[in-house]
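Text of entry_16.cif (mmCIF, C-alpha atoms) as supplied:
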```cif
data_run
loop_
_atom_site.label_atom_id
_atom_site.label_comp_id
_atom_site.auth_asym_id
_atom_site.auth_seq_id
_atom_site.Cartn_x
_atom_site.Cartn_y
_atom_site.Cartn_z
CA MET O 22 42.54 65.13 165.33
CA ASP O 23 42.98 66.68 168.75
CA TRP O 24 43.99 65.69 172.26
CA GLY O 25 42.74 62.15 171.54
CA THR O 26 45.70 61.54 169.26
CA LEU O 27 48.12 62.73 171.94
CA GLN O 28 46.40 60.34 174.33
CA THR O 29 46.87 57.43 171.90
CA VAL O 30 50.52 58.27 171.34
CA VAL O 31 51.44 58.86 174.98
CA GLY O 32 49.13 56.13 176.26
CA GLY O 33 51.15 53.62 174.24
CA VAL O 34 54.11 54.38 176.49
CA ASN O 35 52.05 53.31 179.51
CA LYS O 36 53.13 49.69 179.03
CA TYR O 37 56.76 50.57 179.84
CA SER O 38 56.04 52.84 182.80
CA THR O 39 56.34 52.21 186.49
CA SER O 40 53.15 52.30 188.59
CA ILE O 41 53.82 55.90 189.55
CA GLY O 42 54.22 56.69 185.86
CA LYS O 43 50.81 55.18 185.17
CA VAL O 44 49.25 57.29 187.92
CA TRP O 45 50.92 60.38 186.46
CA LEU O 46 49.48 59.63 183.03
CA THR O 47 45.98 59.24 184.46
CA VAL O 48 46.25 62.50 186.39
CA LEU O 49 47.53 64.23 183.24
CA PHE O 50 44.66 63.14 181.05
CA ILE O 51 41.80 63.35 183.51
CA PHE O 52 42.66 66.37 185.61
CA ARG O 53 44.49 68.45 183.04
CA VAL O 54 43.61 67.67 179.43
CA MET O 55 39.98 66.87 180.12
CA ILE O 56 39.48 69.88 182.41
CA LEU O 57 41.15 72.06 179.78
CA VAL O 58 38.88 70.85 177.01
CA VAL O 59 35.51 70.64 178.78
CA ALA O 60 35.74 73.54 181.18
CA ALA O 61 38.67 75.93 180.90
CA GLU O 62 38.25 76.54 177.17
CA ARG O 63 34.69 77.77 177.75
CA VAL O 64 35.71 80.05 180.57
CA TRP O 65 38.36 81.72 178.40
CA GLY O 66 36.30 81.44 175.23
CA ASP O 67 34.91 84.97 175.28
CA GLU O 68 37.93 86.62 176.81
CA GLN O 69 38.52 89.37 174.29
CA GLN O 70 34.89 89.99 173.38
CA ASP O 71 33.99 90.56 177.00
CA PHE O 72 37.09 92.52 177.89
CA VAL O 73 35.56 95.97 178.27
CA CYS O 74 37.32 99.30 178.62
CA ASN O 75 35.75 102.49 179.84
CA THR O 76 36.35 104.46 176.67
CA LEU O 77 34.92 104.85 173.20
CA GLN O 78 38.38 105.33 171.66
CA PRO O 79 38.73 102.78 168.85
CA GLY O 80 41.73 100.53 169.26
CA CYS O 81 42.15 101.14 172.99
CA ARG O 82 40.57 97.82 173.94
CA ASN O 83 42.75 95.84 171.51
CA VAL O 84 45.91 97.51 172.73
CA CYS O 85 45.08 97.12 176.42
CA TYR O 86 44.10 93.48 176.01
CA ASP O 87 47.35 92.79 174.20
CA HIS O 88 49.30 94.63 176.91
CA PHE O 89 47.83 92.63 179.80
CA PHE O 90 47.57 89.23 178.05
CA PRO O 91 50.62 88.74 175.81
CA ILE O 92 49.72 85.05 175.64
CA SER O 93 46.45 83.66 176.93
CA HIS O 94 46.35 81.20 179.88
CA ILE O 95 44.58 78.64 177.74
CA ARG O 96 47.32 78.64 175.09
CA LEU O 97 50.06 78.44 177.72
CA TRP O 98 48.34 75.41 179.29
CA ALA O 99 47.98 73.72 175.90
CA LEU O 100 51.71 74.25 175.21
CA GLN O 101 52.58 73.06 178.73
CA LEU O 102 50.61 69.85 178.24
CA ILE O 103 52.22 69.17 174.86
CA PHE O 104 55.75 69.80 176.14
CA VAL O 105 55.22 67.79 179.31
CA SER O 106 53.87 64.79 177.35
CA THR O 107 56.61 64.58 174.76
CA PRO O 108 59.55 63.28 176.86
CA ALA O 109 57.57 60.03 177.20
CA LEU O 110 58.19 59.55 173.48
CA LEU O 111 61.92 59.23 174.15
CA VAL O 112 61.14 56.04 176.06
CA ALA O 113 58.89 54.76 173.26
CA MET O 114 61.63 55.41 170.70
CA HIS O 115 64.24 53.63 172.84
CA VAL O 116 62.03 50.56 173.27
CA ALA O 117 61.27 50.51 169.53
CA TYR O 118 65.00 50.74 168.80
CA ARG O 119 65.74 47.83 171.17
CA ARG O 120 63.08 45.68 169.53
CA HIS O 121 64.44 46.59 166.10
CA GLU O 122 67.98 45.61 167.16
CA ARG O 123 66.83 42.25 168.52
CA LYS O 124 64.86 41.54 165.34
CA ARG O 125 67.93 42.41 163.29
CA ARG O 126 70.08 40.03 165.34
CA PHE O 127 67.42 37.33 164.93
CA ARG O 128 67.45 37.84 161.17
CA ASN O 129 71.25 37.60 161.14
CA GLY O 130 71.02 34.10 162.55
CA GLU O 131 71.30 34.53 166.26
CA LYS O 132 69.03 32.16 168.12
CA ILE O 133 66.29 34.20 169.73
CA ASP O 134 62.88 32.83 170.56
CA ILE O 135 60.35 34.78 168.46
CA GLU O 136 57.64 34.29 171.08
CA GLU O 137 59.88 35.75 173.73
CA LEU O 138 60.66 38.68 171.43
CA ASN O 139 57.03 39.61 171.00
CA ASN O 140 55.94 39.14 174.59
CA GLU O 141 59.07 40.50 176.14
CA LYS O 142 58.49 42.40 179.35
CA ILE O 143 60.58 45.52 179.16
CA HIS O 144 62.59 45.98 182.34
CA ILE O 145 63.83 49.45 183.09
CA ARG O 146 67.52 48.66 183.30
CA GLY O 147 70.77 49.79 181.73
CA PRO O 148 70.48 52.37 178.92
CA LEU O 149 66.67 52.32 179.16
CA TRP O 150 66.96 53.40 182.80
CA TRP O 151 68.91 56.45 181.68
CA THR O 152 66.39 57.28 178.93
CA TYR O 153 63.46 56.86 181.32
CA SER O 154 65.09 58.97 184.04
CA SER O 155 66.01 61.70 181.54
CA SER O 156 62.43 61.80 180.32
CA ILE O 157 61.18 62.26 183.90
CA PHE O 158 63.83 64.92 184.50
CA PHE O 159 62.76 66.86 181.40
CA ARG O 160 59.12 66.59 182.45
CA ILE O 161 59.96 68.17 185.80
CA VAL O 162 61.97 70.91 184.14
CA PHE O 163 59.19 71.76 181.67
CA GLU O 164 56.57 71.85 184.43
CA ALA O 165 58.73 74.17 186.53
CA VAL O 166 59.51 76.43 183.56
CA PHE O 167 55.86 76.85 182.65
CA MET O 168 54.81 77.47 186.24
CA TYR O 169 57.45 80.18 186.45
CA VAL O 170 56.38 81.69 183.11
CA PHE O 171 52.79 81.92 184.40
CA TYR O 172 53.96 83.57 187.60
CA TYR O 173 56.18 86.02 185.72
CA LEU O 174 53.68 86.98 183.00
CA TYR O 175 50.69 87.44 185.26
CA ASP O 176 52.24 88.72 188.50
CA GLY O 177 51.10 85.78 190.54
CA TYR O 178 48.17 83.48 189.92
CA GLN O 179 45.28 85.79 190.54
CA MET O 180 43.14 87.39 187.85
CA PRO O 181 42.26 90.97 188.82
CA ARG O 182 38.82 92.37 188.04
CA LEU O 183 40.03 95.76 187.02
CA MET O 184 43.15 96.78 185.15
CA LYS O 185 44.30 100.34 184.58
CA CYS O 186 45.61 100.89 181.10
CA ASP O 187 47.47 103.91 179.69
CA ALA O 188 48.84 102.49 176.44
CA TRP O 189 48.43 104.64 173.35
CA PRO O 190 45.82 105.38 171.86
CA CYS O 191 43.91 105.25 175.13
CA PRO O 192 43.31 108.77 176.44
CA ASN O 193 45.09 109.13 179.82
CA THR O 194 44.44 106.15 182.09
CA VAL O 195 41.47 103.97 181.30
CA ASP O 196 39.71 101.31 183.43
CA CYS O 197 39.47 97.92 181.74
CA PHE O 198 37.41 95.05 183.13
CA VAL O 199 38.26 91.38 182.69
CA SER O 200 35.43 88.93 182.13
CA ARG O 201 34.86 86.17 184.76
CA PRO O 202 37.91 86.97 186.92
CA THR O 203 36.91 84.75 189.87
CA GLU O 204 36.22 81.71 187.71
CA LYS O 205 39.51 82.25 185.92
CA THR O 206 41.38 82.54 189.22
CA MET O 207 39.81 79.29 190.43
CA PHE O 208 40.81 77.42 187.31
CA THR O 209 44.32 78.90 187.39
CA ILE O 210 44.80 77.74 190.97
CA PHE O 211 43.33 74.32 190.14
CA MET O 212 45.68 73.85 187.17
CA LEU O 213 48.58 75.05 189.31
CA ALA O 214 47.70 72.53 192.04
CA VAL O 215 47.48 69.67 189.55
CA SER O 216 50.82 70.75 187.99
CA GLY O 217 52.29 70.60 191.48
CA ILE O 218 50.86 67.12 192.04
CA CYS O 219 52.29 65.95 188.71
CA MET O 220 55.67 67.36 189.67
CA MET O 221 55.53 65.50 193.01
CA LEU O 222 54.65 62.28 191.21
CA ASN O 223 57.56 62.75 188.82
CA LEU O 224 59.97 63.44 191.70
CA ALA O 225 58.70 60.37 193.55
CA GLU O 226 59.18 58.26 190.41
CA LEU O 227 62.71 59.57 189.95
CA CYS O 228 63.57 58.77 193.60
CA TYR O 229 62.05 55.31 193.22
CA LEU O 230 64.16 54.61 190.12
CA VAL O 231 67.35 55.85 191.82
CA ILE O 232 66.69 53.75 194.92
CA LYS O 233 65.91 50.70 192.76
CA ILE O 234 69.21 51.02 190.90
CA CYS O 235 71.15 51.61 194.14
CA MET O 236 69.62 48.52 195.73
CA ARG O 237 70.47 46.42 192.69
CA GLN O 238 74.17 47.43 192.74
CA PRO O 239 75.11 46.05 196.21
CA ARG O 240 73.24 42.82 195.39
CA LYS O 241 75.33 42.49 192.23
CA THR O 242 78.64 42.94 194.08
CA THR O 243 77.84 40.46 196.90
CA MET K 1 37.23 65.17 156.14
CA SER K 2 39.56 67.05 158.39
CA TRP K 3 43.00 66.88 159.93
CA GLY K 4 42.38 63.20 160.77
CA PHE K 5 43.26 62.41 157.17
CA LEU K 6 46.68 64.00 157.54
CA ARG K 7 47.20 62.14 160.79
CA ASP K 8 46.44 58.81 159.08
CA LEU K 9 48.73 59.69 156.18
CA LEU K 10 51.60 60.49 158.50
CA SER K 11 51.04 57.28 160.50
CA GLY K 12 51.19 55.31 157.26
CA VAL K 13 54.41 57.05 156.26
CA ASN K 14 55.98 56.19 159.63
CA LYS K 15 56.26 52.49 158.69
CA TYR K 16 58.59 53.17 155.75
CA SER K 17 60.75 55.86 157.31
CA THR K 18 64.22 55.86 158.76
CA ALA K 19 64.73 56.72 162.43
CA ILE K 20 65.20 60.43 161.63
CA GLY K 21 62.07 60.24 159.46
CA ARG K 22 60.12 59.00 162.48
CA ILE K 23 61.40 61.89 164.57
CA TRP K 24 60.25 64.22 161.77
CA VAL K 25 56.76 62.66 161.87
CA ALA K 26 56.63 63.08 165.67
CA VAL K 27 57.69 66.74 165.41
CA VAL K 28 55.09 67.47 162.70
CA PHE K 29 52.34 65.71 164.68
CA LEU K 30 53.00 67.13 168.10
CA PHE K 31 54.65 70.49 167.64
CA ARG K 32 52.96 71.63 164.45
CA LEU K 33 49.63 69.90 163.83
CA LEU K 34 48.54 69.56 167.45
CA VAL K 35 49.67 73.09 168.39
CA TYR K 36 47.82 74.43 165.32
CA ILE K 37 44.57 72.67 166.24
CA VAL K 38 44.46 73.17 170.01
CA ALA K 39 46.02 76.61 170.29
CA ALA K 40 46.74 78.59 167.14
CA GLU K 41 43.35 78.21 165.42
CA ASN K 42 41.56 79.91 168.33
CA ILE K 43 43.87 82.91 168.36
CA TRP K 44 43.02 83.82 164.78
CA LYS K 45 39.35 82.85 165.07
CA TYR K 46 37.87 86.34 165.36
CA GLU K 47 40.69 88.25 163.72
CA HIS K 48 38.43 90.16 161.36
CA ASP K 49 35.78 91.02 163.98
CA GLU K 50 38.41 92.24 166.40
CA PHE K 51 40.30 94.29 163.80
CA GLU K 52 39.36 97.86 164.62
CA CYS K 53 40.01 101.11 162.72
CA ASN K 54 39.74 104.61 164.09
CA ALA K 55 37.15 105.73 161.56
CA LYS K 56 33.39 105.47 161.19
CA GLN K 57 33.61 105.33 157.38
CA PRO K 58 31.74 102.18 156.22
CA GLY K 59 33.97 99.81 154.32
CA CYS K 60 37.21 101.24 155.69
CA GLU K 61 37.84 98.35 158.10
CA ASN K 62 37.14 95.72 155.44
CA VAL K 63 39.41 97.34 152.93
CA CYS K 64 42.26 97.86 155.39
CA PHE K 65 42.03 94.30 156.72
CA ASP K 66 42.17 92.99 153.19
CA HIS K 67 45.13 95.22 152.39
CA PHE K 68 47.25 94.07 155.34
CA PHE K 69 46.19 90.40 155.35
CA PRO K 70 45.91 89.21 151.73
CA ILE K 71 45.99 85.70 153.17
CA SER K 72 45.69 85.12 156.89
CA HIS K 73 48.63 83.64 158.86
CA ILE K 74 46.50 80.73 159.96
CA ARG K 75 45.51 79.76 156.41
CA LEU K 76 49.13 79.91 155.23
CA TRP K 77 50.07 77.75 158.22
CA ALA K 78 47.42 75.15 157.29
CA LEU K 79 48.55 75.14 153.65
CA GLN K 80 52.15 74.73 154.77
CA LEU K 81 51.25 71.70 156.91
CA ILE K 82 49.37 70.05 154.06
CA VAL K 83 51.93 70.79 151.33
CA VAL K 84 54.89 69.74 153.48
CA SER K 85 53.31 66.40 154.43
CA THR K 86 52.28 65.31 150.95
CA PRO K 87 55.69 64.45 149.37
CA SER K 88 55.70 61.50 151.78
CA LEU K 89 52.85 60.11 149.67
CA LEU K 90 55.38 59.44 146.88
CA VAL K 91 57.07 56.86 149.13
CA VAL K 92 53.73 55.27 150.04
CA PHE K 93 52.76 55.02 146.34
CA HIS K 94 56.12 53.50 145.40
CA VAL K 95 55.85 50.83 148.11
CA ALA K 96 52.28 50.06 146.99
CA TYR K 97 53.53 49.80 143.40
CA ARG K 98 56.24 47.33 144.48
CA GLU K 99 53.75 45.22 146.40
CA ASN K 100 51.43 45.23 143.38
CA ARG K 101 54.26 44.07 141.12
CA GLU K 102 55.10 41.21 143.44
CA LYS K 103 51.46 40.14 143.49
CA HIS K 104 51.23 40.45 139.71
CA HIS K 105 54.33 38.35 139.02
CA ASN K 106 53.44 36.03 141.90
CA GLN K 107 57.03 35.90 143.13
CA LYS K 108 59.28 37.65 145.56
CA LEU K 109 60.98 40.43 143.56
CA TYR K 110 62.26 42.45 146.49
CA LYS K 111 63.90 41.55 149.77
CA SER K 112 61.12 43.56 151.39
CA PRO K 113 58.82 46.06 149.60
CA GLY K 114 59.32 48.58 152.38
CA LYS K 115 63.14 48.44 152.52
CA ILE K 116 64.74 51.69 151.36
CA ASP K 117 66.99 50.58 148.52
CA GLY K 118 67.25 50.99 144.75
CA GLY K 119 64.33 52.87 143.24
CA LEU K 120 62.66 53.44 146.60
CA LEU K 121 65.80 55.19 147.86
CA CYS K 122 65.53 57.59 144.89
CA THR K 123 61.86 58.27 145.63
CA TYR K 124 62.65 58.79 149.31
CA LEU K 125 65.44 61.27 148.49
CA ILE K 126 63.15 63.15 146.09
CA SER K 127 60.42 63.35 148.74
CA LEU K 128 62.94 64.70 151.28
CA THR K 129 64.15 67.33 148.81
CA LEU K 130 60.59 68.39 148.01
CA LYS K 131 59.67 68.60 151.70
CA THR K 132 62.67 70.81 152.42
CA GLY K 133 61.98 72.93 149.34
CA PHE K 134 58.36 73.53 150.33
CA GLU K 135 59.30 74.45 153.89
CA VAL K 136 61.75 77.06 152.62
CA VAL K 137 59.21 78.41 150.11
CA PHE K 138 56.59 78.90 152.82
CA LEU K 139 59.04 80.53 155.20
CA VAL K 140 60.07 82.97 152.46
CA LEU K 141 56.39 83.62 151.68
CA PHE K 142 55.64 84.40 155.34
CA TYR K 143 58.65 86.69 155.48
CA LYS K 144 57.76 88.58 152.29
CA LEU K 145 54.02 88.91 152.98
CA TYR K 146 54.35 90.12 156.55
CA ASN K 147 57.59 92.10 156.53
CA GLY K 148 59.53 89.67 158.65
CA PHE K 149 57.81 87.60 161.31
CA GLU K 150 56.31 90.59 163.08
CA VAL K 151 52.71 91.37 163.91
CA PRO K 152 52.48 95.08 164.73
CA PRO K 153 49.75 96.23 167.10
CA LEU K 154 49.03 99.28 164.95
CA VAL K 155 48.98 99.66 161.17
CA LYS K 156 48.36 102.90 159.28
CA CYS K 157 45.94 102.55 156.42
CA ASP K 158 45.22 105.05 153.65
CA VAL K 159 43.32 102.92 151.16
CA ARG K 160 40.05 104.32 149.73
CA PRO K 161 37.39 104.77 151.16
CA CYS K 162 39.28 105.52 154.40
CA PRO K 163 39.59 109.28 154.91
CA ASN K 164 43.31 110.24 154.80
CA THR K 165 45.42 107.94 156.96
CA VAL K 166 43.63 105.93 159.57
CA ASP K 167 44.97 103.99 162.57
CA CYS K 168 43.95 100.35 162.58
CA TYR K 169 44.54 98.02 165.50
CA ILE K 170 45.22 94.32 165.16
CA SER K 171 43.88 92.05 167.93
CA LYS K 172 46.26 89.93 170.04
CA PRO K 173 49.43 90.94 168.16
CA THR K 174 51.85 89.64 170.80
CA GLU K 175 50.21 86.22 171.01
CA LYS K 176 50.13 85.98 167.21
CA MET K 177 53.80 86.91 167.01
CA ILE K 178 54.74 84.29 169.64
CA PHE K 179 52.97 81.54 167.72
CA LEU K 180 54.35 82.77 164.39
CA ARG K 181 57.87 82.51 165.78
CA PHE K 182 57.03 79.06 167.17
CA LEU K 183 55.92 78.07 163.66
CA VAL K 184 59.19 79.36 162.19
CA ALA K 185 61.24 77.51 164.84
CA THR K 186 59.49 74.19 164.19
CA SER K 187 59.80 74.68 160.42
CA CYS K 188 63.54 75.23 160.79
CA LEU K 189 63.79 72.15 163.02
CA CYS K 190 62.01 70.12 160.34
CA ILE K 191 64.36 71.49 157.66
CA VAL K 192 67.37 70.46 159.79
CA LEU K 193 65.88 66.96 160.30
CA ASN K 194 65.24 66.59 156.56
CA LEU K 195 68.76 67.71 155.67
CA SER K 196 70.32 65.31 158.23
CA GLU K 197 68.22 62.46 156.87
CA LEU K 198 69.27 63.40 153.33
CA SER K 199 72.97 63.39 154.23
CA TYR K 200 72.60 60.16 156.23
CA LEU K 201 71.02 58.38 153.26
CA LEU K 202 73.46 59.81 150.72
CA PHE K 203 76.56 58.89 152.70
CA LYS K 204 75.33 55.50 153.93
#
```
Written as structure tokens, that's how I'd like the structure from this file.
Amino acid sequence: MDWGTLQTVVGGVNKYSTSIGKVWLTVLFIFRVMILVVAAERVWGDEQQDFVCNTLQPGCRNVCYDHFFPISHIRLWALQLIFVSTPALLVAMHVAYRRHERKRRFRNGEKIDIEELNNEKIHIRGPLWWTYSSSIFFRIVFEAVFMYVFYYLYDGYQMPRLMKCDAWPCPNTVDCFVSRPTEKTMFTIFMLAVSGICMMLNLAELCYLVIKICMRQPRKTT
Amino acid sequence: MSWGFLRDLLSGVNKYSTAIGRIWVAVVFLFRLLVYIVAAENIWKYEHDEFECNAKQPGCENVCFDHFFPISHIRLWALQLIVVSTPSLLVVFHVAYRENREKHHNQKLYKSPGKIDGGLLCTYLISLTLKTGFEVVFLVLFYKLYNGFEVPPLVKCDVRPCPNTVDCYISKPTEKMIFLRFLVATSCLCIVLNLSELSYLLFK
């Protein structure tokens, strides 16, 4: 039980996505989840053990580490990926509800071809369009919120090598050294870039859906 | 044998749930189980090694850690997930019992074994009540054991063999507190979902 289950759940929504949505899903799982699991987790794996402060005072290292890293990058990314994936479930629930309604009408005697019901191609129209667009909107909002949280918590996206700490019980000001700062900076910038790409894809998908619905309206009125 | 078992159990339960029940399963899967496995477990991984006391007295750290963490947050969280998911098994057993009965009598006794009516409705309501009850019990337990949902960076320990009162420092207290509060928020969300489902079924 791990990211594979999320992939199964969210991957199921792939059937009802636009092409841009399918690209987004691929980018999400290959460039974000996979990178997180096979690379980033190892880079941050020893973060507290190798966080070294220039003092023998017991407790100083714990307190300084907590002061500079209220929540680790790795955990923030994991939460970001979970939150960004979940709006897709709204679409899955809506499609399941539509299928359920049609089955109910079939059972109540309305004439609906059972073959058509099972192989129905779901078109993104009407209420489903609104659900799909809201899910993309929420995805964009969550991405932006997390990018801002990163920027706010860590004063930009760079990992410094040295941090000066004067939290109690450290005596005066103490130098603390972060482990693998350059590697961490590279991964942070990489994850930021991929977040940006995902946001662009979501915006493009939203524009595409809006244009599609606008083009359908004049055709309906003529 | 690991969390995959719970995942399969919850997937099985999904078939016989109402719409709100399915939302509950999604919340438990994604916001509780998945967050626990990919994020929370790693925060508490080295909690004992990183717990540091300002004393060289052998045994002092062990004794203080044991005093302040009779049961670790992460273990309570795991127990909560397991205990809260299992009442759903009652529904699964009841449906299996119905299907068995139909097979035994070789005739259609129910409109559909999985439809929530009659005896199955009772079982479903009982499972919802138990789920809600267990959630509340665990929240109260967390609150009582840890003096609210706080994780202080410093605790003062004066248990033997520590000399007098000793400062002990907990590792990653802010991160632990953030995830503890996240746990409480998702628990409350699940309680609200269970109560809505209960009222929906009672007033239907």
(request) Could you check which of K:Asn194, K:Ser72, K:Ser112, K:Asn147 is closest to K:Thr18, using only C-alpha atoms? (result) K:Asn194
Per-residue nearest contacts of chain O to chain K (7 Å; all atoms listed in the file) as CSV:
```
residue,atom,partner,partner_atom,distance
O:Met22,CA,K:Gly4,CA,5.0
O:Asp23,CA,K:Leu34,CA,6.4
O:Pro79,CA,K:Asn54,CA,5.2
O:Gly80,CA,K:Tyr169,CA,5.3
O:Asn83,CA,K:Ser171,CA,5.3
O:Val84,CA,K:Pro153,CA,6.9
O:Asp87,CA,K:Lys172,CA,5.2
O:Pro91,CA,K:Thr174,CA,5.2
O:Ile92,CA,K:Glu175,CA,4.8
O:Arg96,CA,K:Ala39,CA,5.4
O:Ala99,CA,K:Ala39,CA,6.6
```
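Atom CA of K:Gln80 is positioned 6.4 Å from atom CA of K:Phe138.
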Who sits within 10 Å of O:Arg201, only C-alpha atoms, same chain under 6 positions skipped, as a PDB file with C-alpha atoms, in the frame of the given file:
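Done, and the output landed in selection34.pdb:
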```pdb
ATOM      1  CA  VAL O  64      35.710  80.050 180.570  1.00  0.00           C
ATOM      2  CA  TRP O  65      38.360  81.720 178.400  1.00  0.00           C
ATOM      3  CA  ASP O  67      34.910  84.970 175.280  1.00  0.00           C
ATOM      4  CA  GLU O  68      37.930  86.620 176.810  1.00  0.00           C
ATOM      5  CA  ASP O  71      33.990  90.560 177.000  1.00  0.00           C
ATOM      6  CA  PHE O  72      37.090  92.520 177.890  1.00  0.00           C
ATOM      7  CA  MET O 180      43.140  87.390 187.850  1.00  0.00           C
ATOM      8  CA  PRO O 181      42.260  90.970 188.820  1.00  0.00           C
ATOM      9  CA  ARG O 182      38.820  92.370 188.040  1.00  0.00           C
TER      10      ARG O 182
END
```
(request) Please identify all polymer residues within 10 Å of O:Phe163, counting all atoms listed in the file, omitting same-chain residues fewer than 2 positions from it, and present them as a VMD selection string. (result) chain O and resid 101 to 102 104 to 106 108 157 to 161 165 to 169 220
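Within the 10 Å cut-off around stretch 128-133 of chain K, using all atoms listed in the file and omitting residues fewer than 2 positions from it on the same chain, the listed residues are K:Gly21, K:Val83, K:Val84, K:Ser85, K:Thr86, K:Pro87, K:Ser88, K:Cys122, K:Thr123, K:Tyr124, K:Leu125, K:Ile126, K:Glu135, K:Val136, K:Val137, K:Phe138, K:Ser187, K:Cys188, K:Cys190, K:Ile191, K:Val192, K:Leu193, K:Asn194, K:Leu195, K:Glu197, K:Leu198.
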(message) Taking the file as I've supplied it (selection: the PyMOL selection byres ((chain K and resi 142) around 12)), which residues are included? Please answer as a PyMOL selection string.
(response) chain K and resi 69-77+79-80+135-141+143-151+180-181+183-184+187
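Between atom CA of O:Ala109 and atom CA of O:Val31 the interatomic distance comes to 6.6 Å.
Note on the selection: in this file the PyMOL selection byres ((chain O and resi 206) around 12) comes out as Ala61, Val64, Trp65, His94, Tyr175, Gly177, Tyr178, Gln179, Met180, Pro181, Arg182, Val199, Ser200, Arg201, Pro202, Thr203, Glu204, Lys205, Met207, Phe208, Thr209, Ile210, Phe211, Met212 and Leu213 of chain O.
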